[in-house]
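Down below is the structure, laid out as structure tokens.
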Amino acid sequence: MDNNILRRMGAMKHILLPIRLLVCLCIVSSMFAGCKRRALYDEEDEVALLKTYIERKSQFDQEKEHRIAILESELLTSYDRYGVLRDLFDEYKSYNFDRAYACVEQLQAEAVRLGDKDKIVDAQVQQGFCYLSAGLFTEGVDLFEDMDTTGVSVRVKADYCITFARLMYDLASYDQIGLTHHYNERGNDLMREALTYYTQEDTLYYWNALALLDLHESAYDRAIKRFQIAIEDSRITNHDLAVVYSTIAFLQLQLGRLDEQLRYNIMAAIKDIESSTKEAIAMRNVAEILHHNGNLRDAALCIRAAQDDAIFYNARHRQVEISQILPIIEQENAHQLETQHKKIIALAVVIVVLLVICLCILRLLRQRNHKLQQAREIISQTNQNLKEANRIKEEYLGNLLSWQSDYINDMDRLQQFVRKQAAQHKSEDWLNIPKSMDVHRKREEFDKRFDEMFLKIFPNFVSQFNQLLRENEQIVLKEGELLNTDLRIFALMRLGITHNEVIAQILDYSVNTIYTYKTKIKNRSDLSNDCFMEAVMQISSYKD
């Protein structure tokens, strides 16, 4: 009675073990997923807010187009044509490069017509802004360096310095020839000059300039504080806010505050959407961060939105940057979705299969254990015998074939040499080669010995090979023949010698002749070439 109970308890342990493993697997998976969800909780809220703004992009763009339409209608009747063109350019400058550039050309023509130097320089500065936004840095530098700012107002001079400094900073970021320090220093000099034209009453511009200086002097915490003072200016626009938030995000990255970096980039991207700013980097930065965090679906959404903006604005350098990231995110996102789908299906299948297998195995284990042990012993012994037979066959035949072939070739070369020497010295004795050295005879002996050895290993080769051919085209051997040339070619292939060159060398034929023989035989079978060769390789090396 006690023994029966113990056996039942042991059986129950075997049944419960796989179930316990499955339960542990599910618990660990849920714990991992829970940790990941908690880590991304704040990120998900912020990204969800950004996604609502992405969905409303067309609404903000329509509002932008409405403002542009009003300004264009005013342009037809206004006496202050330059002022309207300037407002129109402000709408276009970060919205669409081609339209902004067309507008700035009109702005320049109007400034020249008015003969107002302030307006002429201002129009040139805005042209430089277009070059900066489109990544045309060389054209921008040439324009700013040739610009004559003597005698212009403080406001225009400050705008010149700020825009030129931004161009220098961007050049430093894209530098490929080791001039980063030079560009940064030049940008800092221009920013310091701009500060001489501002007072603290110019909250946005004054503190923004100071913060940019701090940024390029690696005073990151102080730069953030000054940017926060700058955005308190009630005159700040959504576009200005986007630029400041994007720069603060960069500063947070330098300080290692990755959560804050994401938050400020999202804030910047939202302000870009509200202001219909198409020339921006915040959305691309959000996509890169989400990609790094493993949120590939939202990363793909953001990088596509950034690509749409770059194409719409026609910012070539932004398009190049995005084109390097987009395929990676898209591919990984698609792969992740496919992997998740497969994992769900696989997990369900595995759970069901494991449960069924566990029950079946536990029931059949004792019954099959003895038979399996016997089968293992038989298989092990059979494998050992097969390995031994295969080793003997390969070594014996390989060495024999190689020796015979080399010997025949040596004899052939010896004959040719002796004949040549004899011919040169005109000695008839040298031409009397003994019959034992005759190459033709050696070849016949080699073929015969090969046939005998091969048929000892593959005694049914001829009959099984004929079964692969049509009945009226089977090979009929002559009296006294063990194999003929056709059969020897495929016998060598059955031994694993498949290269035409090697077969030709062994049988003393040309490669073309071997190819012709093989083709002729294959054409006598109803099987395809691949199936025919597969059937040849399946011919057994023992008697049934």
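Residues in the structure tokens are named by chain (A, B, ... in the order shown) and by number from 1 within that chain; ligands are numbered from 1 in the order shown.
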Q: Identify, with DSSP run on backbone atoms, the residues in stretch 484-544 of chain A assigned to helix (DSSP H, G or I), and express the list as a ChimeraX atom specification.
A: /A:485-494,500-507,511-522,529-537
(Q) Can you pull out the residues contacting A:Glu72? Cut-off 9 Å, using only C-alpha atoms, and skip same-chain residues under 3 positions away; I want them as a PyMOL selection string. (A) chain A and resi 67-69+75-76+84-85+88
Export of prior selection with C-alpha atoms as an mmCIF file, in the first residue's frame:
```cif
data_model
loop_
_atom_site.group_PDB
_atom_site.id
_atom_site.type_symbol
_atom_site.label_atom_id
_atom_site.label_comp_id
_atom_site.auth_asym_id
_atom_site.auth_seq_id
_atom_site.Cartn_x
_atom_site.Cartn_y
_atom_site.Cartn_z
ATOM 1 C CA ARG A 67 -2.934 83.648 -43.141
ATOM 2 C CA ILE A 68 -0.778 83.497 -46.277
ATOM 3 C CA ALA A 69 -3.808 84.015 -48.506
ATOM 4 C CA LEU A 75 -0.060 92.715 -51.223
ATOM 5 C CA LEU A 76 -2.228 93.809 -54.149
ATOM 6 C CA VAL A 84 3.497 92.955 -46.281
ATOM 7 C CA LEU A 85 6.225 91.043 -48.134
ATOM 8 C CA LEU A 88 4.611 87.014 -45.894
#
```
Q | Distance of atom CA of A:Leu507 from atom CA of A:Leu455, expressed in Å to one decimal place | A |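 About the pair atom CA of A:Leu455 and atom CA of A:Leu507: they are 17.0 Å apart.
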(Q) Give me the residues near A:Asp233 as a VMD selection string, where near means some atom within 9 Å (using only C-alpha atoms) and where sequence neighbours in that chain fewer than 2 positions away do not count. (A) chain A and resid 202 to 204 229 to 231 235 to 236
Q: Would you list the contacts of A:Arg86 as JSON, numbers by chain, taking every protein, DNA or RNA residue within 9 Å and counting only C-alpha atoms, but skipping same-chain residues closer than 6 positions in sequence?
A: {"A": [103, 104, 107, 123]}
For the residues in the current selection, export all heavy atoms as an mmCIF file, in the first residue's frame.
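After the write, part-v7.cif holds the following:
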```cif
data_model
loop_
_atom_site.group_PDB
_atom_site.id
_atom_site.type_symbol
_atom_site.label_atom_id
_atom_site.label_comp_id
_atom_site.auth_asym_id
_atom_site.auth_seq_id
_atom_site.Cartn_x
_atom_site.Cartn_y
_atom_site.Cartn_z
ATOM 1 N N CYS A 103 9.681 84.731 -52.336
ATOM 2 C CA CYS A 103 9.236 85.912 -51.605
ATOM 3 C C CYS A 103 10.417 86.822 -51.262
ATOM 4 O O CYS A 103 10.311 88.057 -51.358
ATOM 5 C CB CYS A 103 8.497 85.477 -50.335
ATOM 6 S SG CYS A 103 7.790 86.847 -49.392
ATOM 7 N N VAL A 104 11.548 86.239 -50.876
ATOM 8 C CA VAL A 104 12.691 87.060 -50.497
ATOM 9 C C VAL A 104 13.278 87.783 -51.710
ATOM 10 O O VAL A 104 13.822 88.895 -51.590
ATOM 11 C CB VAL A 104 13.766 86.194 -49.799
ATOM 12 C CG1 VAL A 104 14.706 85.524 -50.780
ATOM 13 C CG2 VAL A 104 14.585 87.039 -48.820
ATOM 14 N N LEU A 107 11.216 90.697 -52.004
ATOM 15 C CA LEU A 107 11.578 91.586 -50.900
ATOM 16 C C LEU A 107 12.816 92.400 -51.270
ATOM 17 O O LEU A 107 12.879 93.618 -51.030
ATOM 18 C CB LEU A 107 11.828 90.748 -49.650
ATOM 19 C CG LEU A 107 11.790 91.444 -48.288
ATOM 20 C CD1 LEU A 107 10.414 91.995 -48.003
ATOM 21 C CD2 LEU A 107 12.202 90.463 -47.195
ATOM 22 N N ALA A 123 16.657 92.382 -46.237
ATOM 23 C CA ALA A 123 16.265 91.398 -47.255
ATOM 24 C C ALA A 123 17.398 90.412 -47.512
ATOM 25 O O ALA A 123 17.178 89.209 -47.699
ATOM 26 C CB ALA A 123 15.868 92.110 -48.549
#
```
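Computed from the coordinates, the atom CA of A:Phe450 to atom CA of A:Ile514 distance equals 17.5 Å.
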Q: Excluding A:Arg494 and any residue of its chain fewer than 6 positions from it, enumerate the residues within 12 Å of it, using only C-alpha atoms, and give them as a PyMOL selection string.
A: chain A and resi 394+454-455+457-458+461+465+487-488+503+532-541
Q: Work out how far apart atom CA of A:Met493 and atom CA of A:Thr513 are and give it in Å to one decimal.
A: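 We find that atom CA of A:Met493 and atom CA of A:Thr513 lie 15.5 Å from each other.
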